[in-house]
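Data from run-v9.csv: CSV, N, CA and C atoms
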```csv
chain,number,residue,atom,x,y,z
W,26,MET,N,75.1,55.1,-6.4
W,26,MET,CA,73.7,54.8,-6.3
W,26,MET,C,73.4,53.5,-5.5
W,27,THR,N,72.5,53.6,-4.6
W,27,THR,CA,72.3,52.4,-3.8
W,27,THR,C,71.3,51.4,-4.5
W,28,ALA,N,71.3,50.2,-4.0
W,28,ALA,CA,70.5,49.1,-4.7
W,28,ALA,C,69.0,49.5,-4.7
W,29,GLU,N,68.6,50.3,-3.6
W,29,GLU,CA,67.2,50.6,-3.6
W,29,GLU,C,66.8,51.6,-4.7
W,30,ASN,N,67.7,52.3,-5.3
W,30,ASN,CA,67.4,53.3,-6.3
W,30,ASN,C,67.6,52.7,-7.7
W,31,ARG,N,67.7,51.5,-7.8
W,31,ARG,CA,67.9,50.9,-9.2
W,31,ARG,C,67.1,49.6,-9.2
W,32,THR,N,66.7,49.2,-10.5
W,32,THR,CA,65.9,48.0,-10.7
W,32,THR,C,66.7,47.0,-11.6
W,33,LEU,N,66.8,45.8,-11.1
W,33,LEU,CA,67.4,44.7,-12.0
W,33,LEU,C,66.4,44.5,-13.1
W,34,VAL,N,66.9,44.8,-14.3
W,34,VAL,CA,66.0,44.7,-15.5
W,34,VAL,C,66.4,43.5,-16.4
W,35,PHE,N,67.6,43.0,-16.2
W,35,PHE,CA,68.0,41.9,-17.2
W,35,PHE,C,69.3,41.3,-16.6
W,36,HIS,N,69.5,40.0,-17.0
W,36,HIS,CA,70.8,39.4,-16.8
W,36,HIS,C,71.1,38.4,-17.9
W,37,ILE,N,72.4,38.2,-18.1
W,37,ILE,CA,72.8,37.3,-19.2
W,37,ILE,C,74.1,36.6,-18.7
W,38,THR,N,74.2,35.4,-19.2
W,38,THR,CA,75.5,34.7,-19.0
W,38,THR,C,76.3,34.6,-20.3
W,39,ILE,N,77.6,34.8,-20.1
W,39,ILE,CA,78.5,34.8,-21.2
W,39,ILE,C,79.7,33.9,-20.9
W,40,PRO,N,80.0,32.9,-21.8
W,40,PRO,CA,81.2,32.1,-21.6
W,40,PRO,C,82.4,32.9,-22.0
W,41,VAL,N,83.4,32.9,-21.1
W,41,VAL,CA,84.7,33.5,-21.5
W,41,VAL,C,85.4,32.7,-22.6
W,42,ARG,N,85.8,33.4,-23.6
W,42,ARG,CA,86.5,32.8,-24.7
W,42,ARG,C,88.0,32.9,-24.5
W,43,TRP,N,88.7,32.0,-25.1
W,43,TRP,CA,90.2,32.0,-25.0
W,43,TRP,C,90.6,33.4,-25.7
W,44,ALA,N,89.9,33.8,-26.7
W,44,ALA,CA,90.3,35.1,-27.4
W,44,ALA,C,90.1,36.3,-26.5
W,45,ASP,N,89.4,36.2,-25.3
W,45,ASP,CA,89.2,37.3,-24.4
W,45,ASP,C,90.4,37.5,-23.5
W,46,MET,N,91.3,36.5,-23.5
W,46,MET,CA,92.5,36.6,-22.7
W,46,MET,C,93.6,37.5,-23.2
W,47,ASP,N,94.4,38.0,-22.3
W,47,ASP,CA,95.6,38.8,-22.7
W,47,ASP,C,96.9,38.1,-22.4
W,48,VAL,N,98.0,38.8,-22.6
W,48,VAL,CA,99.3,38.3,-22.3
W,48,VAL,C,99.5,37.9,-20.8
W,49,ASN,N,98.7,38.5,-19.9
W,49,ASN,CA,98.8,38.2,-18.5
W,49,ASN,C,98.0,37.0,-18.1
W,50,ALA,N,97.4,36.3,-19.0
W,50,ALA,CA,96.6,35.1,-18.8
W,50,ALA,C,95.3,35.3,-18.0
W,51,HIS,N,94.7,36.5,-18.2
W,51,HIS,CA,93.4,36.7,-17.7
W,51,HIS,C,92.6,37.6,-18.7
W,52,VAL,N,91.3,37.8,-18.4
W,52,VAL,CA,90.5,38.5,-19.4
W,52,VAL,C,91.0,40.0,-19.5
W,53,ASN,N,91.2,40.4,-20.7
W,53,ASN,CA,91.6,41.8,-21.0
W,53,ASN,C,90.6,42.8,-20.4
W,54,ASN,N,91.1,43.9,-19.9
W,54,ASN,CA,90.2,44.9,-19.3
W,54,ASN,C,89.1,45.4,-20.3
W,55,VAL,N,89.4,45.5,-21.6
W,55,VAL,CA,88.5,46.0,-22.5
W,55,VAL,C,87.3,45.1,-22.7
W,56,ARG,N,87.5,43.8,-22.5
W,56,ARG,CA,86.4,42.8,-22.6
W,56,ARG,C,85.3,43.1,-21.5
W,57,PHE,N,85.6,43.6,-20.4
W,57,PHE,CA,84.6,43.9,-19.3
W,57,PHE,C,83.6,44.9,-19.9
W,58,PHE,N,84.0,45.9,-20.6
W,58,PHE,CA,83.0,46.8,-21.3
W,58,PHE,C,82.2,46.1,-22.3
W,59,GLU,N,82.8,45.1,-23.0
W,59,GLU,CA,82.1,44.4,-24.0
W,59,GLU,C,81.1,43.5,-23.4
W,60,TYR,N,81.4,42.9,-22.2
W,60,TYR,CA,80.4,42.1,-21.5
W,60,TYR,C,79.2,43.0,-21.1
W,61,PHE,N,79.5,44.2,-20.6
W,61,PHE,CA,78.4,45.2,-20.2
W,61,PHE,C,77.6,45.5,-21.4
W,62,GLU,N,78.2,45.8,-22.6
W,62,GLU,CA,77.5,46.1,-23.8
W,62,GLU,C,76.7,44.9,-24.3
W,63,SER,N,77.2,43.7,-24.2
W,63,SER,CA,76.4,42.5,-24.6
W,63,SER,C,75.1,42.4,-23.8
W,64,ALA,N,75.2,42.7,-22.5
W,64,ALA,CA,74.0,42.6,-21.7
W,64,ALA,C,73.0,43.7,-22.1
W,65,ARG,N,73.5,44.9,-22.3
W,65,ARG,CA,72.7,46.1,-22.6
W,65,ARG,C,72.0,45.9,-23.9
W,66,LEU,N,72.7,45.4,-24.9
W,66,LEU,CA,72.1,45.2,-26.3
W,66,LEU,C,71.1,44.0,-26.2
W,67,ALA,N,71.4,42.9,-25.5
W,67,ALA,CA,70.4,41.8,-25.5
W,67,ALA,C,69.2,42.3,-24.8
W,68,TRP,N,69.3,43.1,-23.7
W,68,TRP,CA,68.1,43.6,-23.0
W,68,TRP,C,67.3,44.5,-23.9
W,69,PHE,N,68.0,45.4,-24.6
W,69,PHE,CA,67.2,46.4,-25.4
W,69,PHE,C,66.6,45.7,-26.6
W,70,GLU,N,67.2,44.6,-27.1
W,70,GLU,CA,66.6,43.9,-28.2
W,70,GLU,C,65.2,43.3,-27.8
W,71,GLN,N,65.1,43.0,-26.6
W,71,GLN,CA,63.8,42.5,-26.0
W,71,GLN,C,62.8,43.6,-25.8
W,72,VAL,N,63.3,44.8,-25.5
W,72,VAL,CA,62.5,46.0,-25.1
W,72,VAL,C,61.9,46.7,-26.4
W,73,ARG,N,62.8,46.9,-27.3
W,73,ARG,CA,62.4,47.7,-28.5
W,73,ARG,C,61.8,46.9,-29.6
W,74,PRO,N,60.6,47.1,-29.9
W,74,PRO,CA,59.9,46.4,-31.0
W,74,PRO,C,60.6,46.8,-32.4
W,75,ARG,N,60.8,45.8,-33.2
W,75,ARG,CA,61.4,46.1,-34.5
W,75,ARG,C,60.7,47.2,-35.3
W,76,ALA,N,59.4,47.3,-35.1
W,76,ALA,CA,58.7,48.4,-35.8
W,76,ALA,C,59.1,49.8,-35.4
W,77,LYS,N,59.7,49.9,-34.2
W,77,LYS,CA,60.1,51.2,-33.6
W,77,LYS,C,61.5,51.6,-34.1
W,78,ARG,N,62.1,50.9,-35.0
W,78,ARG,CA,63.5,51.3,-35.5
W,78,ARG,C,63.3,52.4,-36.5
W,79,ASP,N,63.3,53.6,-36.0
W,79,ASP,CA,62.9,54.8,-36.8
W,79,ASP,C,63.9,55.9,-36.8
W,80,GLY,N,65.2,55.6,-36.7
W,80,GLY,CA,66.2,56.7,-36.7
W,80,GLY,C,66.5,57.3,-35.4
W,81,GLN,N,65.9,56.7,-34.4
W,81,GLN,CA,66.1,57.1,-33.0
W,81,GLN,C,66.7,55.9,-32.2
W,82,GLY,N,67.4,56.2,-31.1
W,82,GLY,CA,67.9,55.2,-30.3
W,82,GLY,C,68.8,55.7,-29.2
W,83,LEU,N,69.4,54.7,-28.5
W,83,LEU,CA,70.3,55.0,-27.4
W,83,LEU,C,71.8,55.2,-27.8
W,84,VAL,N,72.5,56.1,-27.2
W,84,VAL,CA,73.9,56.2,-27.3
W,84,VAL,C,74.5,56.3,-25.9
W,85,VAL,N,75.7,55.9,-25.8
W,85,VAL,CA,76.4,55.9,-24.5
W,85,VAL,C,77.0,57.3,-24.4
W,86,ALA,N,76.7,58.0,-23.3
W,86,ALA,CA,77.2,59.3,-23.0
W,86,ALA,C,78.4,59.3,-22.1
W,87,GLN,N,78.5,58.2,-21.2
W,87,GLN,CA,79.5,58.1,-20.3
W,87,GLN,C,79.6,56.6,-19.9
W,88,ALA,N,80.8,56.1,-19.6
W,88,ALA,CA,80.9,54.7,-19.2
W,88,ALA,C,82.0,54.6,-18.2
W,89,ALA,N,81.9,53.7,-17.2
W,89,ALA,CA,82.9,53.4,-16.2
W,89,ALA,C,82.9,52.0,-15.8
W,90,CYS,N,84.1,51.5,-15.3
W,90,CYS,CA,84.2,50.1,-14.8
W,90,CYS,C,85.1,50.2,-13.6
W,91,ASN,N,84.7,49.5,-12.6
W,91,ASN,CA,85.5,49.3,-11.4
W,91,ASN,C,85.9,47.9,-11.4
W,92,TYR,N,87.2,47.6,-11.6
W,92,TYR,CA,87.7,46.3,-11.7
W,92,TYR,C,88.0,45.8,-10.2
W,93,LYS,N,87.4,44.6,-9.9
W,93,LYS,CA,87.5,44.1,-8.5
W,93,LYS,C,88.5,42.9,-8.5
W,94,ARG,N,88.6,42.1,-9.5
W,94,ARG,CA,89.5,41.0,-9.6
W,94,ARG,C,89.6,40.5,-11.0
W,95,THR,N,90.6,39.8,-11.3
W,95,THR,CA,90.8,39.3,-12.7
W,95,THR,C,89.9,38.1,-12.9
W,96,ILE,N,89.5,37.9,-14.2
W,96,ILE,CA,88.7,36.8,-14.6
W,96,ILE,C,89.6,35.7,-15.2
W,97,PRO,N,89.5,34.5,-14.7
W,97,PRO,CA,90.3,33.4,-15.2
W,97,PRO,C,89.7,32.8,-16.4
W,98,TYR,N,90.4,31.9,-17.0
W,98,TYR,CA,89.9,31.0,-18.0
W,98,TYR,C,90.1,29.6,-17.6
W,99,PRO,N,89.1,28.7,-17.7
W,99,PRO,CA,87.8,28.9,-18.2
W,99,PRO,C,86.9,29.5,-17.1
W,100,GLU,N,85.8,30.2,-17.6
W,100,GLU,CA,84.9,30.8,-16.7
W,100,GLU,C,83.6,31.2,-17.5
W,101,THR,N,82.5,31.2,-16.9
W,101,THR,CA,81.3,31.8,-17.4
W,101,THR,C,80.9,32.9,-16.5
W,102,VAL,N,80.6,34.0,-17.0
W,102,VAL,CA,80.3,35.2,-16.2
W,102,VAL,C,78.8,35.5,-16.4
W,103,ARG,N,78.3,36.1,-15.4
W,103,ARG,CA,76.9,36.6,-15.4
W,103,ARG,C,77.0,38.1,-15.3
W,104,VAL,N,76.2,38.8,-16.2
W,104,VAL,CA,76.1,40.3,-16.1
W,104,VAL,C,74.7,40.6,-15.6
W,105,ASN,N,74.6,41.2,-14.5
W,105,ASN,CA,73.3,41.7,-14.0
W,105,ASN,C,73.2,43.2,-14.4
W,106,LEU,N,72.2,43.5,-15.1
W,106,LEU,CA,71.9,44.9,-15.6
W,106,LEU,C,70.8,45.5,-14.8
W,107,TYR,N,71.2,46.6,-14.2
W,107,TYR,CA,70.2,47.4,-13.4
W,107,TYR,C,70.0,48.8,-14.1
W,108,ALA,N,68.9,49.4,-13.8
W,108,ALA,CA,68.6,50.7,-14.4
W,108,ALA,C,68.1,51.7,-13.4
W,109,SER,N,68.4,52.9,-13.6
W,109,SER,CA,67.9,54.0,-12.7
W,109,SER,C,66.5,54.4,-13.2
W,110,ALA,N,65.9,55.2,-12.4
W,110,ALA,CA,64.6,55.8,-12.9
W,110,ALA,C,65.0,56.7,-14.0
W,111,PRO,N,64.1,56.8,-15.1
W,111,PRO,CA,64.5,57.6,-16.2
W,111,PRO,C,64.3,59.1,-16.0
W,112,GLY,N,65.2,59.8,-16.6
W,112,GLY,CA,65.0,61.3,-16.7
W,112,GLY,C,64.2,61.6,-18.0
W,113,ARG,N,64.2,62.8,-18.4
W,113,ARG,CA,63.5,63.2,-19.6
W,113,ARG,C,64.0,62.5,-20.9
W,114,THR,N,65.4,62.5,-21.0
W,114,THR,CA,66.0,62.0,-22.2
W,114,THR,C,67.0,60.9,-22.0
W,115,SER,N,67.3,60.6,-20.7
W,115,SER,CA,68.4,59.7,-20.3
W,115,SER,C,68.1,58.8,-19.1
W,116,PHE,N,68.9,57.8,-18.9
W,116,PHE,CA,68.9,57.0,-17.7
W,116,PHE,C,70.3,56.4,-17.6
W,117,THR,N,70.5,55.8,-16.4
W,117,THR,CA,71.8,55.2,-16.1
W,117,THR,C,71.6,53.7,-16.0
W,118,THR,N,72.5,53.0,-16.6
W,118,THR,CA,72.6,51.5,-16.4
W,118,THR,C,73.7,51.2,-15.5
W,119,TYR,N,73.5,50.2,-14.7
W,119,TYR,CA,74.5,49.7,-13.7
W,119,TYR,C,74.8,48.2,-14.0
W,120,TYR,N,76.0,47.8,-13.7
W,120,TYR,CA,76.3,46.4,-14.0
W,120,TYR,C,77.1,45.8,-12.9
W,121,ASP,N,76.8,44.5,-12.6
W,121,ASP,CA,77.6,43.7,-11.7
W,121,ASP,C,78.0,42.5,-12.6
W,122,LEU,N,79.3,42.3,-12.6
W,122,LEU,CA,79.9,41.2,-13.4
W,122,LEU,C,80.4,40.1,-12.4
W,123,VAL,N,79.7,39.0,-12.3
W,123,VAL,CA,80.0,38.0,-11.3
W,123,VAL,C,80.3,36.6,-12.0
W,124,SER,N,80.8,35.7,-11.2
W,124,SER,CA,80.9,34.3,-11.7
W,124,SER,C,79.5,33.7,-11.7
W,125,GLU,N,79.2,33.0,-12.8
W,125,GLU,CA,78.0,32.3,-12.9
W,125,GLU,C,77.9,31.1,-11.9
W,126,ALA,N,79.0,30.5,-11.6
W,126,ALA,CA,79.1,29.4,-10.7
W,126,ALA,C,79.0,29.8,-9.3
W,127,ASN,N,79.4,31.0,-8.9
W,127,ASN,CA,79.4,31.5,-7.6
W,127,ASN,C,79.2,33.0,-7.6
W,128,HIS,N,78.0,33.4,-7.4
W,128,HIS,CA,77.6,34.8,-7.6
W,128,HIS,C,78.3,35.7,-6.5
W,129,ARG,N,78.9,35.1,-5.5
W,129,ARG,CA,79.6,35.9,-4.5
W,129,ARG,C,81.0,36.4,-5.0
W,130,ILE,N,81.5,35.8,-6.1
W,130,ILE,CA,82.7,36.2,-6.7
W,130,ILE,C,82.4,37.3,-7.7
W,131,LYS,N,82.7,38.5,-7.3
W,131,LYS,CA,82.4,39.7,-8.2
W,131,LYS,C,83.7,40.2,-8.8
W,132,TYR,N,83.7,40.2,-10.2
W,132,TYR,CA,84.8,40.6,-11.0
W,132,TYR,C,84.9,42.1,-11.2
W,133,ALA,N,83.7,42.7,-11.3
W,133,ALA,CA,83.6,44.1,-11.6
W,133,ALA,C,82.2,44.7,-11.4
W,134,ASP,N,82.1,46.0,-11.4
W,134,ASP,CA,80.8,46.6,-11.5
W,134,ASP,C,81.1,47.9,-12.3
W,135,GLY,N,80.0,48.4,-12.9
W,135,GLY,CA,80.2,49.6,-13.8
W,135,GLY,C,78.9,50.3,-14.0
W,136,GLN,N,79.0,51.3,-14.8
W,136,GLN,CA,77.8,52.0,-15.2
W,136,GLN,C,77.9,52.7,-16.6
W,137,ALA,N,76.8,53.0,-17.1
W,137,ALA,CA,76.8,53.8,-18.4
W,137,ALA,C,75.6,54.7,-18.4
W,138,VAL,N,75.8,56.0,-18.8
W,138,VAL,CA,74.7,56.9,-18.9
W,138,VAL,C,74.3,56.8,-20.4
W,139,MET,N,73.0,56.5,-20.6
W,139,MET,CA,72.4,56.3,-21.9
W,139,MET,C,71.5,57.5,-22.2
W,140,VAL,N,71.6,58.0,-23.4
W,140,VAL,CA,70.8,59.1,-23.9
W,140,VAL,C,70.1,58.7,-25.2
W,141,TRP,N,68.8,59.0,-25.2
W,141,TRP,CA,67.9,58.8,-26.4
W,141,TRP,C,68.2,59.9,-27.4
W,142,VAL,N,68.5,59.6,-28.6
W,142,VAL,CA,68.9,60.6,-29.6
W,142,VAL,C,68.2,60.3,-31.0
W,143,ASN,N,68.1,61.4,-31.7
W,143,ASN,CA,67.9,61.3,-33.1
W,143,ASN,C,69.2,61.0,-33.8
W,144,ARG,N,69.3,59.9,-34.4
W,144,ARG,CA,70.6,59.4,-35.0
W,144,ARG,C,71.1,60.3,-36.1
W,145,SER,N,70.3,61.0,-36.8
W,145,SER,CA,70.8,61.8,-37.9
W,145,SER,C,71.3,63.2,-37.4
W,146,THR,N,70.7,63.7,-36.4
W,146,THR,CA,71.1,65.0,-35.9
W,146,THR,C,72.0,64.9,-34.6
W,147,GLY,N,71.9,63.8,-33.9
W,147,GLY,CA,72.6,63.6,-32.6
W,147,GLY,C,72.0,64.4,-31.5
W,148,LYS,N,70.9,65.0,-31.7
W,148,LYS,CA,70.2,65.7,-30.6
W,148,LYS,C,69.4,64.8,-29.7
W,149,SER,N,69.4,65.1,-28.4
W,149,SER,CA,68.6,64.2,-27.5
W,149,SER,C,67.1,64.4,-27.7
W,150,LEU,N,66.4,63.4,-27.5
W,150,LEU,CA,64.9,63.4,-27.6
W,150,LEU,C,64.3,62.7,-26.3
W,151,PRO,N,63.0,63.0,-26.0
W,151,PRO,CA,62.4,62.4,-24.9
W,151,PRO,C,62.4,60.8,-25.0
W,152,LEU,N,62.6,60.1,-23.9
W,152,LEU,CA,62.5,58.7,-24.0
W,152,LEU,C,61.1,58.2,-24.4
W,153,PRO,N,61.0,57.2,-25.3
W,153,PRO,CA,59.6,56.8,-25.6
W,153,PRO,C,59.0,56.0,-24.4
W,154,ASP,N,57.7,55.9,-24.5
W,154,ASP,CA,57.0,55.2,-23.4
W,154,ASP,C,57.5,53.8,-23.2
W,155,TYR,N,57.7,53.0,-24.2
W,155,TYR,CA,58.1,51.6,-24.0
W,155,TYR,C,59.4,51.5,-23.4
W,156,ALA,N,60.3,52.4,-23.6
W,156,ALA,CA,61.6,52.4,-22.9
W,156,ALA,C,61.5,52.8,-21.5
W,157,ARG,N,60.6,53.7,-21.2
W,157,ARG,CA,60.4,54.1,-19.8
W,157,ARG,C,59.8,52.9,-19.0
W,158,ALA,N,58.8,52.2,-19.6
W,158,ALA,CA,58.2,51.1,-19.0
W,158,ALA,C,59.3,50.0,-18.7
W,159,ALA,N,60.2,49.7,-19.6
W,159,ALA,CA,61.2,48.7,-19.4
W,159,ALA,C,62.2,49.0,-18.2
W,160,LEU,N,62.3,50.3,-17.9
W,160,LEU,CA,63.2,50.7,-16.9
W,160,LEU,C,62.7,50.4,-15.5
W,161,VAL,N,61.5,50.1,-15.4
W,161,VAL,CA,60.9,49.8,-14.0
W,161,VAL,C,60.4,48.4,-13.9
W,162,THR,N,60.6,47.6,-14.9
W,162,THR,CA,60.2,46.2,-14.9
W,162,THR,C,61.3,45.3,-14.4
W,163,ARG,N,61.1,44.8,-13.2
W,163,ARG,CA,62.1,44.0,-12.5
W,163,ARG,C,62.1,42.6,-13.0
W,164,VAL,N,63.2,41.9,-13.2
W,164,VAL,CA,63.3,40.5,-13.6
W,164,VAL,C,63.7,39.7,-12.3
W,165,SER,N,63.5,38.4,-12.4
W,165,SER,CA,63.9,37.6,-11.2
W,165,SER,C,65.2,36.9,-11.5
```

Target encoding structure tokens, full file:
Amino acid sequence: MTAENRTLVFHITIPVRWADMDVNAHVNNVRFFEYFESARLAWFEQVRPRAKRDGQGLVVAQAACNYKRTIPYPETVRVNLYASAPGRTSFTTYYDLVSEANHRIKYADGQAVMVWVNRSTGKSLPLPDYARAALVTRVS
């Protein structure tokens, strides 16, 4: 998906912890998904009013990461979170994982397909209006 087809909806900075490192002295590959998840959860905490916690919510249907380079320690990373236009029950999130000190240093990019579901049945539901609105609200 090209940049024109997605909207930057959120970004977050995350300091790399020593515990994120692996035996190869760089950030373990699993942590990249955790950084993506941290951005997604922080964004959605701002989007979803507490009063709307009603047994419905988002689940990850598919996730991918393209590793570009290793992340050293110490480092602080920035996760840019983009979103596609919503479908009836789902949308796709996209991530750029870059150095906070130098945004030209790109560590990874990825995506996740998110589906709105009834948590007790697992069946998909139409996205609520407040979620749809958040998917087109660009941040600076």

Would you kindly return, as a CSV table (one decimal) with N, CA and C atoms, in the coordinates of the input, each protein, DNA or RNA residue with an atom no farther than 7 Å from any atom of stretch 70-85 of chain W, considering all atoms listed in the file and excluding same-chain residues fewer than 5 positions away?
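Output contents, as saved in out_32.csv:
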```
chain,number,residue,atom,x,y,z
W,65,ARG,N,73.5,44.9,-22.3
W,65,ARG,CA,72.7,46.1,-22.6
W,65,ARG,C,72.0,45.9,-23.9
W,137,ALA,N,76.8,53.0,-17.1
W,137,ALA,CA,76.8,53.8,-18.4
W,137,ALA,C,75.6,54.7,-18.4
W,138,VAL,N,75.8,56.0,-18.8
W,138,VAL,CA,74.7,56.9,-18.9
W,138,VAL,C,74.3,56.8,-20.4
W,139,MET,N,73.0,56.5,-20.6
W,139,MET,CA,72.4,56.3,-21.9
W,139,MET,C,71.5,57.5,-22.2
W,140,VAL,N,71.6,58.0,-23.4
W,140,VAL,CA,70.8,59.1,-23.9
W,140,VAL,C,70.1,58.7,-25.2
W,141,TRP,N,68.8,59.0,-25.2
W,141,TRP,CA,67.9,58.8,-26.4
W,141,TRP,C,68.2,59.9,-27.4
W,142,VAL,N,68.5,59.6,-28.6
W,142,VAL,CA,68.9,60.6,-29.6
W,142,VAL,C,68.2,60.3,-31.0
W,143,ASN,N,68.1,61.4,-31.7
W,143,ASN,CA,67.9,61.3,-33.1
W,143,ASN,C,69.2,61.0,-33.8
W,144,ARG,N,69.3,59.9,-34.4
W,144,ARG,CA,70.6,59.4,-35.0
W,144,ARG,C,71.1,60.3,-36.1
W,145,SER,N,70.3,61.0,-36.8
W,145,SER,CA,70.8,61.8,-37.9
W,145,SER,C,71.3,63.2,-37.4
W,155,TYR,N,57.7,53.0,-24.2
W,155,TYR,CA,58.1,51.6,-24.0
W,155,TYR,C,59.4,51.5,-23.4
W,156,ALA,N,60.3,52.4,-23.6
W,156,ALA,CA,61.6,52.4,-22.9
W,156,ALA,C,61.5,52.8,-21.5
W,159,ALA,N,60.2,49.7,-19.6
W,159,ALA,CA,61.2,48.7,-19.4
W,159,ALA,C,62.2,49.0,-18.2
```

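With only C-alpha atoms as the atoms that count, the minimum distance from W:Trp68 to the choices W:Ser124, W:Ser109, W:Thr118, W:Pro99 is reached by W:Thr118.
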
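These residues, each with an atom at most 12 Å from (91.9, 36.2, -21.7) using only C-alpha atoms, are Pro40, Val41, Arg42, Trp43, Ala44, Asp45, Met46, Asp47, Val48, Asn49, Ala50, His51, Val52, Asn53, Asn54, Val55, Arg56, Phe57, Thr95, Ile96, Pro97, Tyr98, Pro99 and Glu100 of chain W.
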
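Take the candidates W:Ser149, W:Ala108, W:Glu62, W:Arg157 and check each one against W:Asn30 using only C-alpha atoms; the shortest distance goes to W:Ala108.
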
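Note that the spacing between atom CA of W:Glu59 and atom C of W:Val164 amounts to 22.3 Å.
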
Practice task
Could you give me, as a PyMOL selection string, each residue of stretch 32-137 of chain W that DSSP assigns to strand (DSSP E or B) when run on this structure's backbone?
Solution key: chain W and resi 32-40+46+52+81-92+101-109+115-124+131-137

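Distance check against W:His36 using all atoms listed in the file: of W:Lys131, W:Lys148, W:Arg103, W:Lys93, the minimum falls on W:Arg103.
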
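One distance worth recording is that between atom N of W:His128 and atom CA of W:Leu106, which is 15.4 Å.
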
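Residues of chain W that DSSP, applied to the backbone, places in alpha helix (DSSP H): Asn54, Val55, Arg56, Phe57, Phe58, Glu59, Tyr60, Phe61, Glu62, Ser63, Ala64, Arg65, Leu66, Ala67, Trp68, Phe69, Glu70, Gln71, Val72, Asp154, Tyr155, Ala156, Arg157, Ala158 and Ala159 of chain W.
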
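Atom C of W:Thr101 is positioned 9.1 Å from atom CA of W:Asn127.
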
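Counting only N, CA and C atoms, the residue from W:Phe58, W:Ala64, W:Asn91, W:Arg31 that sits nearest to W:Tyr132 is W:Asn91.
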
Exercise for the section: Find the residues near W:Gly135: any atom within 5 Å, counting all atoms listed in the file, skip ones fewer than 5 places away on the same chain, and give them as a PyMOL selection string. Expected result: chain W and resi 89-91+119-120
